[in-house]
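Engineer: Sending over a structure as structure tokens; questions will come in a sec.
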Amino acid sequence: MFMSLTGAFRGRQDTVVANAIQTNPQAVAAQTLAALDRGSAITGLTAPPKAAPGTEPFKFLVCVDGSPQSRAALRFAALRARNTGGLLALLHISEPIDCREWISIATAMEEEQRAEAELLLHDLAGEVNGLTGLLPEIQIRRGPIGSEILAAIREDGDIHALVVGAAPPSQRRGQLISWLASELAGSLDIPLVVVPGNLTARQIDRLA
């Protein structure tokens with residue numbers, strides 16, 4: 001699935017898109033993929049051109065956690081960055097551990113989480129380099145996932161698109177994608193790209 005949103009929805013048509021992605025993101029994604037195959041623009045967003053000399057390269061931020069859907073998102077973003085002369089950044093977010101009565105245990109668990117995150121990002125960066133030749137930026141943050149994603153985008157200042165993977169409805173936890181869609185619509189002027197985890201590598205390669 002591939003869905004793009006501009007930072008501020010404009011008019012009734014964009015409101016319909018926002019509602020659709022919250023109620024049935026898989027269906028919206030299928031329609032978007034078909035449009036991409038036809039070379040159509042999605043919600044006013046066209047594919048970024050290759051970076052010309054002296055211009056700022058298009059930078060993709062990908063949220064990764066090792067899941068199949070995040071790997072699909074990473075493959076798409078990495079290939080898209082390579083094909084457009086862009087840049088790639090990987091973001092992993094660890095949720096806070098609530099263990100106030102046993103601070104030492106919480107600290108140990110957070111250190112273990114950090115080590116696992118570093119290993120994951122190292123492996124994913126190696127995969128990206130092997131696939132595209134790119135050396136992605138990597139970042140680890142701790143906190144509520146949605147809030148930390150938005151904070152990372154604001155603090156960086158050079159992110160042009162946020163790429164996340166979508167799990168099947170039976171596996172999806174919470175409403176992260178819908179929440180991000182509404183937050184981005186009201187506060188950030190960058191597109192949100194949603195990639196379904198059930199796409200094959202061949203399908204992703206064709207779309208990127």
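Scheme for the structure tokens: letters A, B, ... for chains in order shown; per-chain residue numbers from 1; ligand numbers from 1 in order shown.
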Kindly assemble as a Markdown table a list of the region 141-199 of chain A residues that lie within 6 Å of region 72-75 of chain A, each paired with its nearest atom pair and their distance in Å to one decimal, using only C-alpha atoms, sorted first by chain and then by ascending residue number.
Structural biologist:
```
| residue | atom | partner | partner_atom | distance |
| --- | --- | --- | --- | --- |
| A:Val164 | CA | A:Ala73 | CA | 5.7 |
| A:Gly165 | CA | A:Ala73 | CA | 4.9 |
| A:Val195 | CA | A:Ala73 | CA | 5.3 |
| A:Gly197 | CA | A:Ala72 | CA | 5.5 |
```
Engineer: Output N, CA, C and O atoms for every residue in the selection just made, as a PDB file, in the first residue's frame.
Structural biologist:
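To be explicit, this is the file written out as part04.pdb:
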```pdb
ATOM      1  N   VAL A 164       6.203   4.870   6.510  1.00  0.00           N
ATOM      2  CA  VAL A 164       5.903   3.861   7.528  1.00  0.00           C
ATOM      3  C   VAL A 164       5.287   2.643   6.860  1.00  0.00           C
ATOM      4  O   VAL A 164       4.711   2.729   5.776  1.00  0.00           O
ATOM      5  N   GLY A 165       5.429   1.493   7.511  1.00  0.00           N
ATOM      6  CA  GLY A 165       4.845   0.261   6.998  1.00  0.00           C
ATOM      7  C   GLY A 165       3.522  -0.019   7.684  1.00  0.00           C
ATOM      8  O   GLY A 165       3.341   0.290   8.860  1.00  0.00           O
ATOM      9  N   VAL A 195       3.352   2.094   3.315  1.00  0.00           N
ATOM     10  CA  VAL A 195       3.678   0.946   2.468  1.00  0.00           C
ATOM     11  C   VAL A 195       3.147  -0.321   3.130  1.00  0.00           C
ATOM     12  O   VAL A 195       3.452  -0.585   4.291  1.00  0.00           O
ATOM     13  N   GLY A 197       2.890  -4.111   4.304  1.00  0.00           N
ATOM     14  CA  GLY A 197       3.892  -5.128   4.549  1.00  0.00           C
ATOM     15  C   GLY A 197       3.737  -6.367   3.701  1.00  0.00           C
ATOM     16  O   GLY A 197       4.649  -7.196   3.654  1.00  0.00           O
TER      17      GLY A 197
END
```
Engineer: Based on DSSP run over this structure's backbone, return all residues of region 83-168 of chain A in helix (DSSP H, G or I), as number ranges by chain.
Structural biologist: A: 83, 103-132, 145-156
Engineer: Rounded to one decimal in Å, what is the spacing between CA of Ala152 (chain A) and CA of Leu184 (chain A)?
Structural biologist: 13.0 Å
Engineer: Please determine, counting only C-alpha atoms, which residue among A:Ile153, A:Ala201, A:Ala115, A:Leu134 has the shortest atom-to-atom distance to Gly85 (chain A).
Structural biologist: A:Leu134
Engineer: Determine the nearest neighbour of Glu110 (chain A) from the options A:Leu135, A:Leu188, A:Ile140, A:Leu150, counting only C-alpha atoms.
Structural biologist: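 Nearest candidate to Glu110 (chain A) out of A:Leu135, A:Leu188, A:Ile140, A:Leu150: A:Ile140.
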